[in-house]
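> Data: query_29.txt, compact mmCIF, C-alpha atoms.
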```
# COMPACT_ATOMS: atom_id res chain seq x y z
CA MET R 1 -7.01 -11.31 19.31
CA SER R 2 -9.23 -14.24 20.17
CA ASP R 3 -7.70 -17.65 20.77
CA ALA R 4 -10.37 -19.13 18.48
CA SER R 5 -8.32 -18.80 15.29
CA PRO R 6 -7.67 -22.06 13.44
CA SER R 7 -4.78 -24.00 14.92
CA THR R 8 -1.81 -25.53 13.21
CA ALA R 9 -3.44 -28.92 13.84
CA LEU R 10 -6.57 -27.90 11.90
CA LEU R 11 -4.52 -26.69 8.94
CA HIS R 12 -2.36 -29.79 9.09
CA ASP R 13 -5.49 -31.97 9.01
CA LEU R 14 -6.76 -30.00 6.01
CA ILE R 15 -3.52 -30.55 4.08
CA THR R 16 -3.44 -34.24 5.02
CA ALA R 17 -7.01 -34.64 3.78
CA ALA R 18 -6.09 -32.93 0.50
CA ARG R 19 -3.13 -35.23 0.00
CA ASN R 20 -5.29 -38.27 0.76
CA ALA R 21 -7.83 -37.03 -1.79
CA GLY R 22 -5.24 -36.98 -4.55
CA ALA R 23 -3.40 -33.67 -4.27
CA ASP R 24 0.36 -33.86 -4.82
CA ALA R 25 0.96 -30.74 -2.70
CA ALA R 26 -1.12 -28.21 -0.80
CA GLU R 27 -0.99 -25.07 1.27
CA ALA R 28 -3.55 -23.83 3.78
CA VAL R 29 -4.03 -20.29 5.07
CA SER R 30 -6.12 -19.16 8.01
CA SER R 31 -6.88 -15.57 8.84
CA GLU R 32 -8.78 -13.89 11.64
CA ARG R 33 -9.79 -10.25 11.62
CA GLN R 34 -11.49 -8.11 14.22
CA SER R 35 -12.31 -4.49 13.51
CA LEU R 36 -14.33 -1.67 14.97
CA SER R 37 -14.88 1.72 13.36
CA VAL R 38 -16.88 4.76 14.43
CA GLY R 39 -17.88 7.81 12.40
CA VAL R 40 -19.34 11.10 13.55
CA ARG R 41 -20.64 14.15 11.71
CA ASN R 42 -21.24 17.51 13.33
CA GLY R 43 -20.66 15.97 16.74
CA THR R 44 -23.35 13.35 16.24
CA LEU R 45 -22.70 9.63 16.01
CA GLU R 46 -23.24 8.60 12.39
CA ASP R 47 -22.18 4.97 12.15
CA VAL R 48 -20.59 2.13 14.08
CA GLU R 49 -19.26 -0.89 12.21
CA ARG R 50 -17.95 -4.03 13.84
CA GLU R 51 -16.51 -7.03 12.03
CA GLU R 52 -15.29 -10.39 13.27
CA ALA R 53 -14.26 -12.69 10.46
CA ARG R 54 -12.44 -16.00 10.18
CA ASP R 55 -11.45 -17.38 6.82
CA LEU R 56 -9.81 -20.53 5.60
CA SER R 57 -8.14 -20.95 2.21
CA LEU R 58 -6.80 -24.11 0.60
CA ARG R 59 -4.66 -24.27 -2.53
CA VAL R 60 -3.95 -27.70 -3.99
CA PHE R 61 -1.75 -28.97 -6.81
CA VAL R 62 -2.41 -32.01 -8.93
CA GLY R 63 0.67 -32.26 -11.07
CA ARG R 64 1.00 -28.79 -12.62
CA ARG R 65 -2.69 -28.03 -12.21
CA GLN R 66 -3.86 -25.92 -9.29
CA ALA R 67 -7.03 -24.65 -7.66
CA THR R 68 -7.84 -22.47 -4.68
CA VAL R 69 -11.00 -22.50 -2.57
CA SER R 70 -11.94 -20.59 0.56
CA ALA R 71 -14.62 -20.56 3.24
CA SER R 72 -15.60 -18.66 6.36
CA ASP R 73 -17.38 -21.66 7.90
CA LEU R 74 -14.72 -23.76 9.63
CA SER R 75 -16.93 -26.70 10.58
CA GLU R 76 -15.76 -30.25 9.88
CA GLY R 77 -18.35 -30.76 7.16
CA THR R 78 -17.37 -27.56 5.37
CA ARG R 79 -13.69 -28.48 5.53
CA ALA R 80 -14.43 -31.86 3.96
CA ARG R 81 -16.35 -30.21 1.12
CA LEU R 82 -13.56 -27.67 0.74
CA VAL R 83 -11.01 -30.43 0.16
CA GLU R 84 -13.27 -32.34 -2.23
CA ARG R 85 -14.05 -29.24 -4.28
CA ALA R 86 -10.42 -28.06 -4.43
CA VAL R 87 -9.03 -31.37 -5.69
CA ALA R 88 -11.84 -31.76 -8.22
CA MET R 89 -11.26 -28.25 -9.55
CA ALA R 90 -7.51 -28.79 -9.81
CA ARG R 91 -8.00 -31.93 -11.89
CA LEU R 92 -10.08 -29.92 -14.36
CA ALA R 93 -7.81 -26.86 -14.43
CA PRO R 94 -5.44 -26.21 -17.35
CA GLU R 95 -1.83 -27.15 -16.82
CA ASP R 96 0.47 -24.37 -15.68
CA PRO R 97 4.14 -25.33 -16.07
CA TYR R 98 5.10 -22.81 -13.37
CA ALA R 99 2.53 -23.78 -10.74
CA GLY R 100 3.75 -25.26 -7.48
CA LEU R 101 4.83 -24.53 -3.95
CA ALA R 102 7.95 -22.45 -3.48
CA PRO R 103 11.05 -24.72 -3.41
CA GLU R 104 12.02 -25.73 0.10
CA ASP R 105 15.45 -24.11 -0.06
CA TRP R 106 13.79 -20.71 -0.65
CA LEU R 107 11.69 -20.89 2.51
CA ALA R 108 12.23 -18.71 5.55
CA ARG R 109 13.38 -20.52 8.66
CA GLY R 110 12.42 -19.62 12.21
CA PRO R 111 12.65 -18.27 14.73
CA PHE R 112 11.12 -15.29 12.96
CA PRO R 113 11.97 -11.75 14.09
CA ASP R 114 9.56 -9.80 16.28
CA LEU R 115 8.69 -6.76 14.17
CA ASP R 116 6.48 -5.17 16.85
CA LEU R 117 3.43 -5.09 14.57
CA TYR R 118 0.83 -5.89 17.23
CA ASP R 119 -0.50 -3.61 19.95
CA PRO R 120 -2.98 -5.37 22.28
CA SER R 121 -4.50 -2.05 23.41
CA ASP R 122 -8.28 -2.23 23.51
CA GLN R 123 -10.47 0.50 22.01
CA ASN R 124 -14.19 0.23 22.59
CA ALA R 125 -16.85 2.10 20.63
CA GLU R 126 -17.14 4.83 23.27
CA ALA R 127 -13.42 5.58 23.17
CA LEU R 128 -13.38 5.66 19.37
CA GLU R 129 -16.42 7.93 19.30
CA ALA R 130 -14.73 10.36 21.69
CA GLN R 131 -11.62 10.48 19.48
CA ALA R 132 -13.69 10.97 16.32
CA ARG R 133 -15.62 13.81 17.97
CA GLU R 134 -12.40 15.47 19.11
CA VAL R 135 -10.65 15.28 15.74
CA GLU R 136 -13.73 16.65 13.98
CA ALA R 137 -14.12 19.47 16.52
CA ALA R 138 -10.49 20.51 16.05
CA ALA R 139 -10.95 20.66 12.27
CA LEU R 140 -14.17 22.68 12.57
CA ALA R 141 -12.44 25.13 14.94
CA VAL R 142 -10.06 26.32 12.21
CA PRO R 143 -11.24 29.77 11.00
CA GLY R 144 -12.72 29.50 7.52
CA VAL R 145 -13.99 25.94 7.89
CA ALA R 146 -17.72 25.88 7.19
CA ARG R 147 -18.86 22.30 7.58
CA SER R 148 -17.76 18.78 8.34
CA GLU R 149 -17.54 15.72 6.16
CA GLY R 150 -17.06 13.66 9.29
CA GLY R 151 -14.53 12.40 11.78
CA HIS R 152 -13.61 8.75 12.04
CA ALA R 153 -11.64 6.44 14.32
CA SER R 154 -11.04 2.71 14.01
CA VAL R 155 -9.01 -0.23 15.20
CA SER R 156 -8.39 -3.55 13.49
CA LYS R 157 -6.40 -6.62 14.48
CA THR R 158 -5.46 -9.56 12.30
CA ARG R 159 -3.74 -12.92 12.65
CA TRP R 160 -2.51 -14.86 9.60
CA ARG R 161 -1.12 -18.40 9.45
CA LEU R 162 0.39 -20.30 6.53
CA LEU R 163 1.05 -24.03 6.51
CA THR R 164 2.36 -26.04 3.53
CA SER R 165 2.65 -29.74 2.76
CA HIS R 166 6.44 -29.41 2.51
CA GLY R 167 6.84 -28.22 6.07
CA PHE R 168 6.51 -24.45 6.27
CA ASP R 169 4.56 -23.16 9.28
CA GLY R 170 4.40 -19.46 10.04
CA VAL R 171 2.06 -17.15 11.91
CA HIS R 172 2.12 -13.43 12.49
CA GLN R 173 -0.34 -10.81 13.68
CA GLY R 174 -0.77 -7.08 13.40
CA SER R 175 -2.88 -4.16 14.54
CA VAL R 176 -3.85 -0.88 12.88
CA PHE R 177 -5.28 2.19 14.63
CA SER R 178 -6.60 5.02 12.46
CA LEU R 179 -7.95 8.50 13.09
CA GLY R 180 -8.92 11.33 10.75
CA ALA R 181 -11.34 14.01 9.64
CA GLY R 182 -12.51 15.76 6.50
CA VAL R 183 -13.99 19.26 6.30
CA ILE R 184 -15.12 21.89 3.79
CA ALA R 185 -13.92 25.48 3.91
CA GLU R 186 -16.01 28.24 2.32
CA LYS R 187 -15.30 31.77 1.08
CA ASP R 188 -17.53 33.96 -1.08
CA GLY R 189 -19.71 30.98 -1.93
CA ALA R 190 -16.79 28.85 -3.13
CA MET R 191 -15.95 25.67 -1.24
CA GLU R 192 -12.85 23.48 -0.97
CA ARG R 193 -12.26 20.19 0.78
CA GLY R 194 -9.40 19.27 3.07
CA GLY R 195 -8.58 16.35 5.32
CA GLU R 196 -5.99 14.47 7.28
CA SER R 197 -5.82 10.93 8.64
CA ARG R 198 -3.24 8.68 10.20
CA ALA R 199 -2.97 4.88 10.42
CA LEU R 200 -0.41 3.31 12.76
CA ARG R 201 0.47 -0.07 14.22
CA HIS R 202 0.61 1.20 17.83
CA LEU R 203 -1.89 3.49 19.51
CA SER R 204 0.87 5.25 21.43
CA ASP R 205 2.36 6.53 18.15
CA MET R 206 -0.84 8.31 17.16
CA PRO R 207 -0.69 12.14 17.09
CA SER R 208 -3.34 13.88 19.14
CA PRO R 209 -6.82 14.32 17.68
CA VAL R 210 -6.33 18.09 17.92
CA ALA R 211 -3.14 17.95 15.85
CA ILE R 212 -4.74 15.79 13.15
CA GLY R 213 -7.96 17.84 13.04
CA THR R 214 -6.11 21.14 12.87
CA VAL R 215 -4.11 19.98 9.85
CA ALA R 216 -7.34 18.88 8.13
CA GLY R 217 -8.94 22.27 8.64
CA GLU R 218 -5.86 24.23 7.61
CA ARG R 219 -5.57 22.28 4.38
CA ALA R 220 -9.15 23.07 3.43
CA VAL R 221 -8.75 26.78 4.17
CA ALA R 222 -5.43 27.02 2.31
CA SER R 223 -7.11 25.72 -0.85
CA LEU R 224 -9.78 28.45 -0.97
CA GLY R 225 -9.92 30.72 -3.99
CA PRO R 226 -8.10 28.54 -6.51
CA ARG R 227 -7.20 30.01 -9.86
CA LYS R 228 -6.93 28.39 -13.22
CA ILE R 229 -3.66 28.73 -15.06
CA ALA R 230 -2.84 28.73 -18.73
CA SER R 231 -1.23 25.65 -20.26
CA THR R 232 2.51 25.86 -19.87
CA THR R 233 5.72 23.99 -19.18
CA ALA R 234 7.23 24.62 -15.77
CA PRO R 235 8.96 22.98 -12.79
CA VAL R 236 6.60 20.77 -10.79
CA ILE R 237 7.01 19.66 -7.17
CA PHE R 238 4.92 16.78 -5.88
CA ASP R 239 4.31 17.04 -2.14
CA ARG R 240 5.28 13.91 -0.23
CA ARG R 241 1.57 13.16 0.31
CA VAL R 242 1.16 12.45 -3.41
CA ALA R 243 4.72 11.90 -4.66
CA GLY R 244 4.36 8.15 -4.21
CA GLN R 245 1.72 8.12 -6.96
CA VAL R 246 4.34 9.35 -9.42
CA LEU R 247 6.76 6.59 -8.48
CA SER R 248 4.38 3.71 -7.71
CA PRO R 249 3.97 2.73 -11.41
CA LEU R 250 7.57 1.56 -11.17
CA LEU R 251 6.49 -1.27 -8.84
CA SER R 252 4.00 -2.74 -11.28
CA ALA R 253 6.48 -2.21 -14.13
CA ILE R 254 9.13 -4.35 -12.40
CA SER R 255 6.79 -7.03 -11.06
CA GLY R 256 7.66 -10.52 -12.24
CA PRO R 257 4.27 -11.28 -13.82
CA SER R 258 4.44 -8.08 -15.92
CA ILE R 259 7.98 -8.87 -17.03
CA ALA R 260 7.08 -12.48 -17.84
CA ARG R 261 4.11 -11.30 -19.94
CA GLY R 262 6.23 -8.66 -21.65
CA THR R 263 3.70 -5.94 -20.78
CA SER R 264 6.03 -3.56 -18.94
CA PHE R 265 7.66 -0.38 -20.19
CA LEU R 266 10.72 -1.36 -18.11
CA LYS R 267 11.03 -4.94 -19.40
CA ASP R 268 14.37 -4.22 -21.11
CA ARG R 269 15.86 -1.95 -18.44
CA MET R 270 17.44 -4.38 -15.96
CA GLY R 271 20.85 -3.08 -14.90
CA GLN R 272 20.15 0.32 -16.43
CA ALA R 273 19.42 3.73 -14.93
CA VAL R 274 15.67 4.22 -14.44
CA LEU R 275 15.82 6.95 -11.76
CA ALA R 276 18.09 9.97 -11.42
CA PRO R 277 21.66 9.42 -10.18
CA GLY R 278 21.80 9.08 -6.40
CA ALA R 279 18.24 7.78 -6.10
CA THR R 280 17.93 4.58 -4.07
CA LEU R 281 14.65 2.72 -3.57
CA VAL R 282 14.80 0.42 -0.54
CA ASP R 283 12.56 -2.53 0.28
CA ASP R 284 12.69 -3.21 4.04
CA PRO R 285 10.40 -5.97 5.32
CA PHE R 286 11.95 -5.81 8.80
CA ARG R 287 11.24 -2.20 9.76
CA PRO R 288 9.73 -2.29 13.27
CA ARG R 289 6.07 -1.22 13.34
CA GLY R 290 6.10 -0.83 9.55
CA MET R 291 2.75 -0.91 7.81
CA ALA R 292 4.03 -3.48 5.28
CA SER R 293 6.53 -5.34 7.45
CA THR R 294 6.55 -9.13 7.36
CA PRO R 295 8.84 -11.94 8.55
CA TYR R 296 8.30 -13.89 5.30
CA ASP R 297 6.30 -13.50 2.11
CA ASP R 298 2.89 -15.04 1.43
CA GLU R 299 4.44 -18.25 0.08
CA GLY R 300 6.70 -18.62 3.12
CA VAL R 301 9.75 -17.49 1.16
CA GLU R 302 12.58 -15.70 2.93
CA VAL R 303 12.53 -11.90 2.71
CA ARG R 304 15.42 -9.48 3.07
CA ARG R 305 16.22 -5.79 3.05
CA GLN R 306 17.43 -4.79 -0.40
CA SER R 307 17.88 -1.84 -2.72
CA ILE R 308 15.49 -2.32 -5.64
CA ILE R 309 17.01 0.76 -7.27
CA ASP R 310 20.62 1.54 -6.35
CA ASP R 311 22.04 4.93 -7.37
CA GLY R 312 19.32 5.14 -10.01
CA VAL R 313 20.03 1.68 -11.45
CA LEU R 314 17.41 -1.11 -11.50
CA THR R 315 18.86 -4.14 -9.67
CA THR R 316 16.04 -6.69 -9.49
CA TRP R 317 12.53 -7.64 -10.50
CA LEU R 318 9.90 -8.29 -7.80
CA LEU R 319 9.30 -12.02 -8.00
CA ASN R 320 7.05 -14.65 -6.50
CA SER R 321 7.83 -18.32 -7.09
CA ALA R 322 5.72 -18.64 -10.27
CA SER R 323 7.18 -15.61 -12.05
CA ALA R 324 10.67 -16.59 -10.88
CA ALA R 325 10.21 -20.04 -12.43
CA GLN R 326 8.92 -18.52 -15.65
CA LEU R 327 11.94 -16.20 -15.89
CA GLY R 328 14.46 -18.82 -14.77
CA LEU R 329 15.28 -16.85 -11.63
CA VAL R 330 14.92 -17.17 -7.85
CA SER R 331 12.01 -15.66 -5.91
CA THR R 332 12.84 -12.32 -4.31
CA GLY R 333 10.30 -12.93 -1.52
CA HIS R 334 7.59 -10.64 -2.87
CA ALA R 335 4.64 -13.04 -3.10
CA SER R 336 1.38 -11.52 -1.92
CA ARG R 337 -1.96 -13.30 -1.74
CA GLY R 338 -5.45 -13.06 -0.39
CA ALA R 339 -7.89 -15.82 0.47
CA ALA R 340 -8.61 -16.71 -3.16
CA GLY R 341 -6.33 -17.44 -6.09
CA PRO R 342 -2.59 -17.86 -6.44
CA ALA R 343 -0.09 -15.34 -5.16
CA GLY R 344 0.58 -12.04 -6.89
CA VAL R 345 3.44 -9.65 -6.17
CA ALA R 346 3.82 -6.74 -3.71
CA GLY R 347 6.62 -4.82 -2.03
CA HIS R 348 7.46 -4.55 1.67
CA ASN R 349 7.89 -1.08 3.21
CA MET R 350 9.36 0.49 0.12
CA HIS R 351 10.87 3.92 0.53
CA LEU R 352 12.91 6.30 -1.60
CA GLU R 353 15.96 7.58 0.26
CA PRO R 354 15.64 11.35 0.84
CA GLY R 355 17.73 14.09 -0.68
CA GLU R 356 19.41 16.98 1.12
CA ARG R 357 17.02 19.90 0.50
CA ASP R 358 13.61 20.44 2.06
CA GLN R 359 10.55 21.42 0.07
CA ALA R 360 11.13 25.13 0.65
CA ALA R 361 14.63 24.83 -0.78
CA LEU R 362 13.30 22.97 -3.82
CA MET R 363 10.83 25.81 -4.46
CA ALA R 364 13.56 28.39 -3.99
CA ASP R 365 15.75 26.60 -6.54
CA ALA R 366 12.89 26.33 -9.03
CA GLY R 367 11.87 29.98 -8.61
CA SER R 368 8.37 29.58 -10.01
CA GLY R 369 6.26 26.54 -10.77
CA LEU R 370 3.56 24.21 -9.48
CA LEU R 371 3.38 22.52 -6.07
CA ILE R 372 0.97 19.58 -6.27
CA THR R 373 -0.80 18.52 -3.09
CA SER R 374 -3.73 16.52 -4.49
CA MET R 375 -4.00 14.10 -7.39
CA PHE R 376 -6.88 12.20 -8.99
CA GLY R 377 -7.47 9.95 -11.97
CA PRO R 378 -3.87 9.11 -12.88
CA SER R 379 -3.60 7.33 -16.24
CA LEU R 380 -0.71 5.12 -17.38
CA ASN R 381 0.10 3.29 -20.59
CA ALA R 382 1.85 0.22 -19.17
CA ASN R 383 3.63 -0.50 -22.44
CA THR R 384 5.07 2.97 -23.07
CA GLY R 385 5.19 4.69 -19.67
CA ASP R 386 3.11 7.65 -20.88
CA TRP R 387 1.44 9.11 -17.76
CA SER R 388 -1.00 11.88 -16.87
CA ALA R 389 -3.04 12.95 -13.85
CA GLY R 390 -5.51 15.58 -12.76
CA VAL R 391 -4.03 17.67 -9.95
CA SER R 392 -4.52 20.65 -7.70
CA GLY R 393 -2.20 22.53 -5.39
CA PHE R 394 -0.40 25.88 -5.41
CA TRP R 395 1.44 28.07 -7.88
CA PHE R 396 4.63 29.50 -6.41
CA GLU R 397 6.64 32.55 -7.45
CA ASN R 398 10.14 33.55 -6.29
CA GLY R 399 10.20 30.37 -4.22
CA GLN R 400 7.07 31.34 -2.24
CA ILE R 401 3.47 30.09 -2.38
CA ALA R 402 1.48 32.59 -4.46
CA TRP R 403 -2.05 31.17 -4.85
CA PRO R 404 -3.96 27.88 -4.96
CA VAL R 405 -4.70 26.29 -8.34
CA SER R 406 -7.09 23.58 -9.49
CA GLU R 407 -8.55 21.89 -12.57
CA ILE R 408 -5.20 21.24 -14.21
CA THR R 409 -3.46 18.19 -15.63
CA VAL R 410 0.22 17.22 -15.70
CA ALA R 411 1.63 14.70 -18.14
CA GLY R 412 4.85 13.15 -19.35
CA LYS R 413 6.73 9.97 -20.07
CA LEU R 414 7.77 8.43 -16.77
CA THR R 415 11.02 6.98 -18.10
CA GLU R 416 12.11 10.54 -18.94
CA LEU R 417 10.67 12.27 -15.87
CA TRP R 418 12.25 9.84 -13.41
CA LEU R 419 15.73 10.51 -14.81
CA ARG R 420 15.27 14.24 -14.01
CA MET R 421 13.88 13.66 -10.52
CA GLU R 422 15.18 15.69 -7.57
CA ARG R 423 14.45 14.31 -4.10
CA GLY R 424 13.42 16.37 -1.11
CA SER R 425 14.63 15.73 2.43
CA ASP R 426 11.14 15.39 3.94
CA LEU R 427 10.71 11.62 3.88
CA GLU R 428 8.11 10.43 6.40
CA PHE R 429 7.21 6.81 7.11
CA ARG R 430 3.43 6.54 6.98
CA GLY R 431 2.36 3.60 4.84
CA GLY R 432 3.90 0.74 2.92
CA PHE R 433 5.35 3.00 0.19
CA ASN R 434 6.99 6.24 1.32
CA VAL R 435 8.52 8.95 -0.84
CA PRO R 436 9.79 12.46 -0.06
CA SER R 437 8.75 15.49 -2.08
CA LEU R 438 9.87 15.16 -5.69
CA MET R 439 10.74 17.94 -8.13
CA PHE R 440 10.81 17.65 -11.92
CA ASP R 441 11.85 20.41 -14.29
CA ALA R 442 9.96 21.32 -17.45
CA VAL R 443 6.75 19.30 -16.99
CA ALA R 444 3.83 19.77 -19.37
CA ILE R 445 0.90 21.42 -17.57
CA ALA R 446 -2.53 21.60 -19.20
CA GLY R 447 -4.69 24.40 -17.78
CA LYS R 448 -7.48 26.57 -19.10
```
Mind turning the file's structure into structure tokens?

Amino acid sequence: MSDASPSTALLHDLITAARNAGADAAEAVSSERQSLSVGVRNGTLEDVEREEARDLSLRVFVGRRQATVSASDLSEGTRARLVERAVAMARLAPEDPYAGLAPEDWLARGPFPDLDLYDPSDQNAEALEAQAREVEAAALAVPGVARSEGGHASVSKTRWRLLTSHGFDGVHQGSVFSLGAGVIAEKDGAMERGGESRALRHLSDMPSPVAIGTVAGERAVASLGPRKIASTTAPVIFDRRVAGQVLSPLLSAISGPSIARGTSFLKDRMGQAVLAPGATLVDDPFRPRGMASTPYDDEGVEVRRQSIIDDGVLTTWLLNSASAAQLGLVSTGHASRGAAGPAGVAGHNMHLEPGERDQAALMADAGSGLLITSMFGPSLNANTGDWSAGVSGFWFENGQIAWPVSEITVAGKLTELWLRMERGSDLEFRGGFNVPSLMFDAVAIAGK
């Protein structure tokens, strides 16, 4: 990262100016991002995108009124206008009885842990192009693959600093390296897509381009010749690649703002079983090299490793300071914010603890049913938990893959499905929310 990111002194001056202009409290955030991405198609360079951005955000409070403004121009004149505009907007804003900085006794205290989120390795456009070409070539080399949708490689590095008028000062930085390819397989005039990509904090953790490309090609070929199936009720297994989409509605359903508004289908389920017995959902902000690791939340509040669901039982809401104040509780350290507006809520490296049986054993136990490997257009009624999604994957018989299937829909009420959930043993840490394969018995399947 460049050393040109805004300093603590600049942010301190911004907060001081806001206080002098009439703000009762303020917080300032600076962020710097550098990224480079390269795409190829059929071995030919298709695009190169480079970004270097610096942003400054100021949130001010006048009593219980607040306003947030941001800018990418960090000149002295722009900063002065930023302060003037923010305070003027706050004075005109409606009162919010829950607006304010997080209480001082909730704040994280340094020294902050080193979570190993930053890899200084340099990747120039030539190196990224070579990787993109190699991953695409490996995918195209798989027998049955007919054409490419492109290979891509990228690197991005960010630095983020938060300073508040009541003394919090924190900075952390991270890097992300990504590599992937998408291809189309063809047989008897029918075509199916397949792809694979990886995103990691450290370049040294990246699988080889050949390994990633080969998986992409094999997935496309395996999907050729899909059949339609009649509507039925049968066991359904969600592959770990898509299983998180079945469970992720839980996060929005237990977020403090949803609970405070009363718009969640889990609003009355605190302390009750919401997942099957034995299921534990862990939030771990301190996992080294984690894609959603952080030493503190986006309001500077202390974070900790905790079980959001323990043995199937819901133990906590996900709270920022505003929703905590509204509910008469304490922030759980889940504030998340961008450059504009007040903080929302997000988890940190959530994962569902794995079960004891791998995916093959789950299929063997089920006998016959549907293995879902791709999902699109999920729909959720946030008040009732009714859920549906378009899916494709494979029908299995006698515990073995029989044929690919597509153009089908699965549906159910999540509060009922989750209580019948069986966890696979194939948990893999890839993103900020990681789930092993999940099996549900007797799921409604809409086919032809």
> Just how far from CA of Ser70 (chain R) is CA of Val87 (chain R), in Å to one decimal?
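So the two atoms, CA of Val87 (chain R) and CA of Ser70 (chain R), lie 12.8 Å apart.
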> I'd like the neighbourhood of region 417-429 of chain R as an mmCIF file with C-alpha atoms, in the frame of the given file, where a residue qualifies if any of its atoms comes within 8 Å (using only C-alpha atoms), though same-chain residues fewer than 4 positions away should be ignored.

```cif
data_model
loop_
_atom_site.group_PDB
_atom_site.id
_atom_site.type_symbol
_atom_site.label_atom_id
_atom_site.label_comp_id
_atom_site.auth_asym_id
_atom_site.auth_seq_id
_atom_site.Cartn_x
_atom_site.Cartn_y
_atom_site.Cartn_z
ATOM 1 C CA ARG R 240 5.280 13.910 -0.230
ATOM 2 C CA ALA R 273 19.420 3.730 -14.930
ATOM 3 C CA VAL R 274 15.670 4.220 -14.440
ATOM 4 C CA LEU R 275 15.820 6.950 -11.760
ATOM 5 C CA ALA R 276 18.090 9.970 -11.420
ATOM 6 C CA PRO R 277 21.660 9.420 -10.180
ATOM 7 C CA ALA R 279 18.240 7.780 -6.100
ATOM 8 C CA LEU R 352 12.910 6.300 -1.600
ATOM 9 C CA GLU R 353 15.960 7.580 0.260
ATOM 10 C CA PRO R 354 15.640 11.350 0.840
ATOM 11 C CA GLY R 355 17.730 14.090 -0.680
ATOM 12 C CA GLU R 356 19.410 16.980 1.120
ATOM 13 C CA ARG R 357 17.020 19.900 0.500
ATOM 14 C CA ASP R 358 13.610 20.440 2.060
ATOM 15 C CA GLN R 359 10.550 21.420 0.070
ATOM 16 C CA LEU R 362 13.300 22.970 -3.820
ATOM 17 C CA GLY R 412 4.850 13.150 -19.350
ATOM 18 C CA LYS R 413 6.730 9.970 -20.070
ATOM 19 C CA ASN R 434 6.990 6.240 1.320
ATOM 20 C CA VAL R 435 8.520 8.950 -0.840
ATOM 21 C CA PRO R 436 9.790 12.460 -0.060
ATOM 22 C CA SER R 437 8.750 15.490 -2.080
ATOM 23 C CA LEU R 438 9.870 15.160 -5.690
ATOM 24 C CA MET R 439 10.740 17.940 -8.130
ATOM 25 C CA PHE R 440 10.810 17.650 -11.920
ATOM 26 C CA ASP R 441 11.850 20.410 -14.290
#
```
> Do a neighbour search on region 162-172 of chain R at 6 Å with all atoms listed in the file, toss out local chain neighbours closer than 5 positions, and write the hits as a PyMOL selection string.
chain R and resi 25-29
> Generate a file of the selected residues that holds C-alpha atoms, formatted as an mmCIF file, keeping the file's coordinate frame.

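Writing the result to again-v1.cif gives the following:
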```
data_model
loop_
_atom_site.group_PDB
_atom_site.id
_atom_site.type_symbol
_atom_site.label_atom_id
_atom_site.label_comp_id
_atom_site.auth_asym_id
_atom_site.auth_seq_id
_atom_site.Cartn_x
_atom_site.Cartn_y
_atom_site.Cartn_z
ATOM 1 C CA ALA R 25 0.960 -30.740 -2.700
ATOM 2 C CA ALA R 26 -1.120 -28.210 -0.800
ATOM 3 C CA GLU R 27 -0.990 -25.070 1.270
ATOM 4 C CA ALA R 28 -3.550 -23.830 3.780
ATOM 5 C CA VAL R 29 -4.030 -20.290 5.070
#
```
> Here is a test: counting all atoms listed in the file, which residue of R:Arg289, R:Arg85, R:Arg41, R:Arg201 is nearest to Val60 (chain R)?
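Under the stated criterion, the closest residue is R:Arg85.
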> Give me, please, the distance in Å between CA of Leu329 (chain R) and CA of Gln66 (chain R), quoted to one decimal.
21.3 Å
> CA of Pro209 (chain R) and CA of Thr44 (chain R), how far apart in Å?
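Result for CA of Thr44 (chain R) versus CA of Pro209 (chain R): 16.6 Å, one decimal.
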> Would you pick out the contacts of Ala346 (chain R) at 7 Å or less, using only C-alpha atoms, so that residues sharing its chain but fewer than 6 positions from it are not included, and give the list as a PyMOL selection string?
chain R and resi 334-336
> Which one of R:Arg54, R:Gly100, R:Pro120, R:His152 sits closest to Leu36 (chain R) if you count all atoms listed in the file?
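The shortest atom-to-atom distance to Leu36 (chain R) comes from R:His152.
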> Just checking: using only C-alpha atoms, which residue out of R:Gly39, R:Gly63, R:Gly194, R:Pro235 ends up closest to Glu126 (chain R)?
R:Gly39
> Which residue gives the smallest distance to Gly195 (chain R) among R:Val62, R:His348, R:Thr373, R:Pro288, with all atoms listed in the file counted?
R:Thr373
> When you look at region 212-223 of chain R with a cut-off of 9 Å (counting only C-alpha atoms), what residues show up, excluding the ones that are within fewer than 3 positions of it in the same chain? I need them as number ranges by chain.
R: 134-145, 151, 179-187, 191-198, 207-209, 226, 392-394, 403-406
> With 4 Å added on each side, what axis-aligned box encloses every listed atom of region 294-297 of chain R? Give the centre and edge lengths in Å to one decimal, as JSON.

```
{"center_x": 7.6, "center_y": -11.5, "center_z": 5.3, "size_x": 10.5, "size_y": 12.8, "size_z": 14.4}
```
> Using only C-alpha atoms, can you tell me which of R:Gly344, R:Gly431, R:Gly333, R:Gly300 comes closest to Leu107 (chain R)?
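Among R:Gly344, R:Gly431, R:Gly333, R:Gly300, it is R:Gly300 that comes nearest to Leu107 (chain R).
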> For Ser178 (chain R), which residue among R:Lys448, R:Lys267, R:Arg109, R:Arg430 is the nearest when counting all atoms listed in the file?
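Result for the nearest residue to Ser178 (chain R): R:Arg430.
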> Any idea what's packed within 10 Å of Gly369 (chain R), counting all atoms listed in the file, ignoring anything in its chain fewer than 4 positions away? Could you give it as an MDAnalysis selection string?
chainID R and resid 232:237 363 394:402 441:443
